[in-house]
Amino acid sequence: MDILLIAGLWLDGSAWDDVVPALEELGHRPVALTLPGQGDGAESATLEDQVATVLAAVDAAPDRPMVVGHSAACTLAWLAADARPERVAKAALIGGFPSADGQPYADLFETEDGVMPFPGWGPFEGPDSADLDEETRSRIAAAAIPVPERVAKGTVRLKDERRFDVPMLLICPEFTPAQAREWIDAGDVPEAGRTRHLDFVDIDSGHWPMFTKPVELARLLAAAADA
């Protein structure tokens, strides 16, 4: 299956460098996406620009792809399911949940000069980063790409309720499937609560399993694609 990989904030397609070959060995066709505003100098890129790039990749896939979103990009994966419910085979969401219609995409940290820089590791101390050694932390921070403000503060627009027929898989790294179910049952994650085909799978990692557990993550994604 074609598997489109979208990394979260401050990351580009290279975040999947260790996951891609593992997926290929398992017989799938991974495509790691680098979106507008991710290192191409397009600091004026918008959320709509990034959505358009994801949709172009969905349309270019020879078969119905599985779209994988990590962290904030879980919303991008779900926006693809909303815009192409007949084309997206499954949305696999790693360490995050899709925002609801009308919410900001990822207005999470202060912006400076039109971008949202990586805030350092302070906000992520605890389960998010517990499995990152110092070398990996330094490598991620050094490669972090400031997020264009018009991406981070862009408004999520969901239009087609057929998205709820697209199977959703929640891959739970720094939180457990049980915690995810509690949040959904409490109404905190309305999009996941309304999807008709929802599965959960656990991975023993922090928030960035593509760096710390790439082979295990690839196996989970391949199993989801095979299903």
# chains A, B, ... in the order shown; residues from 1 in each chain; ligands from 1
$ closest_atom_pairs --of "region 192-219 of chain A" --to "region 89-105 of chain A" --cutoff "9 Å" --atoms "only C-alpha atoms" --output "Markdown table"
| residue | atom | partner | partner_atom | distance |
| --- | --- | --- | --- | --- |
| A:Ala192 | CA | A:Phe97 | CA | 7.2 |
| A:Gly206 | CA | A:Gly95 | CA | 8.7 |
| A:His207 | CA | A:Gly95 | CA | 6.0 |
| A:Trp208 | CA | A:Gly95 | CA | 8.1 |
| A:Pro209 | CA | A:Ile94 | CA | 8.6 |
$ write_last_selection --atoms "C-alpha atoms" --output "tab-separated table (two decimals), in the first residue's frame"
chain	number	residue	atom	x	y	z
A	192	ALA	CA	-12.29	10.71	16.94
A	206	GLY	CA	7.79	9.11	23.86
A	207	HIS	CA	6.22	11.58	21.49
A	208	TRP	CA	8.69	10.98	18.63
A	209	PRO	CA	8.75	7.21	17.93
$ closest_atom_pairs --of "region 22-88 of chain A" --to "region 112-123 of chain A" --cutoff "12 Å" --atoms "only C-alpha atoms" --output "JSON lines"
{"residue": "A:Gly37", "atom": "CA", "partner": "A:Val115", "partner_atom": "CA", "distance": 9.7}
{"residue": "A:Gln38", "atom": "CA", "partner": "A:Val115", "partner_atom": "CA", "distance": 11.2}
{"residue": "A:Gly41", "atom": "CA", "partner": "A:Val115", "partner_atom": "CA", "distance": 11.3}
{"residue": "A:Ala42", "atom": "CA", "partner": "A:Val115", "partner_atom": "CA", "distance": 10.6}
{"residue": "A:Glu43", "atom": "CA", "partner": "A:Val115", "partner_atom": "CA", "distance": 6.9}
{"residue": "A:Ser44", "atom": "CA", "partner": "A:Gly114", "partner_atom": "CA", "distance": 7.8}
{"residue": "A:Ala45", "atom": "CA", "partner": "A:Val115", "partner_atom": "CA", "distance": 10.1}
{"residue": "A:Thr46", "atom": "CA", "partner": "A:Val115", "partner_atom": "CA", "distance": 11.2}
$ write_last_selection --atoms "N, CA and C atoms" --output "PDB file, in the first residue's frame"
ATOM      1  N   GLY A  37       6.796  25.601   3.558  1.00  0.00           N
ATOM      2  CA  GLY A  37       7.164  26.199   4.833  1.00  0.00           C
ATOM      3  C   GLY A  37       8.065  25.339   5.679  1.00  0.00           C
ATOM      4  N   GLN A  38       8.411  24.153   5.199  1.00  0.00           N
ATOM      5  CA  GLN A  38       9.297  23.261   5.941  1.00  0.00           C
ATOM      6  C   GLN A  38      10.689  23.280   5.313  1.00  0.00           C
ATOM      7  N   GLY A  41      12.096  28.044   2.675  1.00  0.00           N
ATOM      8  CA  GLY A  41      12.116  29.503   2.709  1.00  0.00           C
ATOM      9  C   GLY A  41      10.761  30.148   2.574  1.00  0.00           C
ATOM     10  N   ALA A  42       9.711  29.339   2.470  1.00  0.00           N
ATOM     11  CA  ALA A  42       8.363  29.877   2.272  1.00  0.00           C
ATOM     12  C   ALA A  42       7.721  30.180   3.626  1.00  0.00           C
ATOM     13  N   GLU A  43       8.250  31.204   4.305  1.00  0.00           N
ATOM     14  CA  GLU A  43       7.724  31.538   5.629  1.00  0.00           C
ATOM     15  C   GLU A  43       6.306  32.082   5.551  1.00  0.00           C
ATOM     16  N   SER A  44       5.857  32.435   4.350  1.00  0.00           N
ATOM     17  CA  SER A  44       4.491  32.912   4.180  1.00  0.00           C
ATOM     18  C   SER A  44       3.523  31.779   3.862  1.00  0.00           C
ATOM     19  N   ALA A  45       3.994  30.531   3.902  1.00  0.00           N
ATOM     20  CA  ALA A  45       3.132  29.388   3.608  1.00  0.00           C
ATOM     21  C   ALA A  45       1.952  29.362   4.567  1.00  0.00           C
ATOM     22  N   THR A  46       0.829  28.873   4.079  1.00  0.00           N
ATOM     23  CA  THR A  46      -0.397  28.803   4.872  1.00  0.00           C
ATOM     24  C   THR A  46      -0.784  27.358   5.133  1.00  0.00           C
TER      25      THR A  46
END
$ select_by_dssp --residues "chain A" --states "alpha helix (DSSP H)" --output "PyMOL selection string"
chain A and resi 19-25+47-60+74-83+134-143+149-152+177-185+190-194+209-212+214-226
$ write_last_selection --atoms "C-alpha atoms" --output "tab-separated table (two decimals), in the first residue's frame"
chain	number	residue	atom	x	y	z
A	19	VAL	CA	10.93	4.43	9.07
A	20	VAL	CA	10.87	4.51	5.26
A	21	PRO	CA	13.33	1.63	4.63
A	22	ALA	CA	11.66	-0.48	7.31
A	23	LEU	CA	8.28	0.00	5.59
A	24	GLU	CA	9.82	-0.83	2.22
A	25	GLU	CA	11.21	-4.07	3.64
A	47	LEU	CA	-2.26	25.85	6.30
A	48	GLU	CA	-4.15	25.70	2.99
A	49	ASP	CA	-0.84	25.37	1.15
A	50	GLN	CA	0.12	22.40	3.29
A	51	VAL	CA	-3.29	20.76	2.86
A	52	ALA	CA	-3.00	21.20	-0.91
A	53	THR	CA	0.37	19.42	-0.93
A	54	VAL	CA	-1.03	16.50	1.06
A	55	LEU	CA	-4.02	16.23	-1.28
A	56	ALA	CA	-1.74	16.29	-4.31
A	57	ALA	CA	0.12	13.30	-2.84
A	58	VAL	CA	-3.17	11.50	-2.18
A	59	ASP	CA	-4.28	12.12	-5.76
A	60	ALA	CA	-0.92	11.00	-7.15
A	74	CYS	CA	-2.79	14.31	12.73
A	75	THR	CA	-5.08	17.15	11.71
A	76	LEU	CA	-3.52	17.29	8.24
A	77	ALA	CA	-4.13	13.57	7.80
A	78	TRP	CA	-7.74	14.02	8.84
A	79	LEU	CA	-8.18	17.03	6.56
A	80	ALA	CA	-7.11	14.73	3.74
A	81	ALA	CA	-9.76	12.21	4.80
A	82	ASP	CA	-12.32	15.02	4.81
A	83	ALA	CA	-11.36	16.29	1.36
A	134	GLU	CA	21.00	13.95	24.52
A	135	GLU	CA	22.39	13.27	21.07
A	136	THR	CA	18.90	12.80	19.62
A	137	ARG	CA	17.59	15.88	21.39
A	138	SER	CA	20.43	17.96	20.01
A	139	ARG	CA	19.92	16.57	16.51
A	140	ILE	CA	16.18	17.29	16.49
A	141	ALA	CA	16.62	20.78	17.92
A	142	ALA	CA	19.39	21.65	15.45
A	143	ALA	CA	17.24	20.58	12.49
A	149	GLU	CA	2.57	31.61	11.62
A	150	ARG	CA	-0.11	31.28	8.95
A	151	VAL	CA	0.20	27.50	9.26
A	152	ALA	CA	0.18	27.37	13.05
A	177	PRO	CA	-5.02	3.57	24.57
A	178	ALA	CA	-6.99	3.62	27.82
A	179	GLN	CA	-6.20	7.31	28.31
A	180	ALA	CA	-7.14	8.05	24.70
A	181	ARG	CA	-10.49	6.30	25.20
A	182	GLU	CA	-11.12	8.36	28.34
A	183	TRP	CA	-10.49	11.62	26.46
A	184	ILE	CA	-12.76	10.53	23.63
A	185	ASP	CA	-15.52	9.39	25.97
A	190	PRO	CA	-14.98	15.04	19.01
A	191	GLU	CA	-13.63	14.01	15.61
A	192	ALA	CA	-12.29	10.71	16.94
A	193	GLY	CA	-15.49	10.24	18.91
A	194	ARG	CA	-17.62	10.38	15.77
A	209	PRO	CA	8.75	7.21	17.93
A	210	MET	CA	10.07	7.78	14.40
A	211	PHE	CA	13.42	8.60	16.05
A	212	THR	CA	13.43	6.19	18.98
A	214	PRO	CA	11.39	3.46	13.93
A	215	VAL	CA	11.30	-0.28	13.19
A	216	GLU	CA	8.52	-0.93	15.69
A	217	LEU	CA	6.58	2.04	14.35
A	218	ALA	CA	7.01	0.75	10.80
A	219	ARG	CA	5.67	-2.64	11.85
A	220	LEU	CA	2.59	-1.06	13.40
A	221	LEU	CA	1.97	1.03	10.29
A	222	ALA	CA	2.48	-1.96	8.01
A	223	ALA	CA	0.05	-4.03	10.07
A	224	ALA	CA	-2.50	-1.22	9.81
A	225	ALA	CA	-2.01	-1.03	6.06
A	226	ASP	CA	-2.28	-4.80	5.69
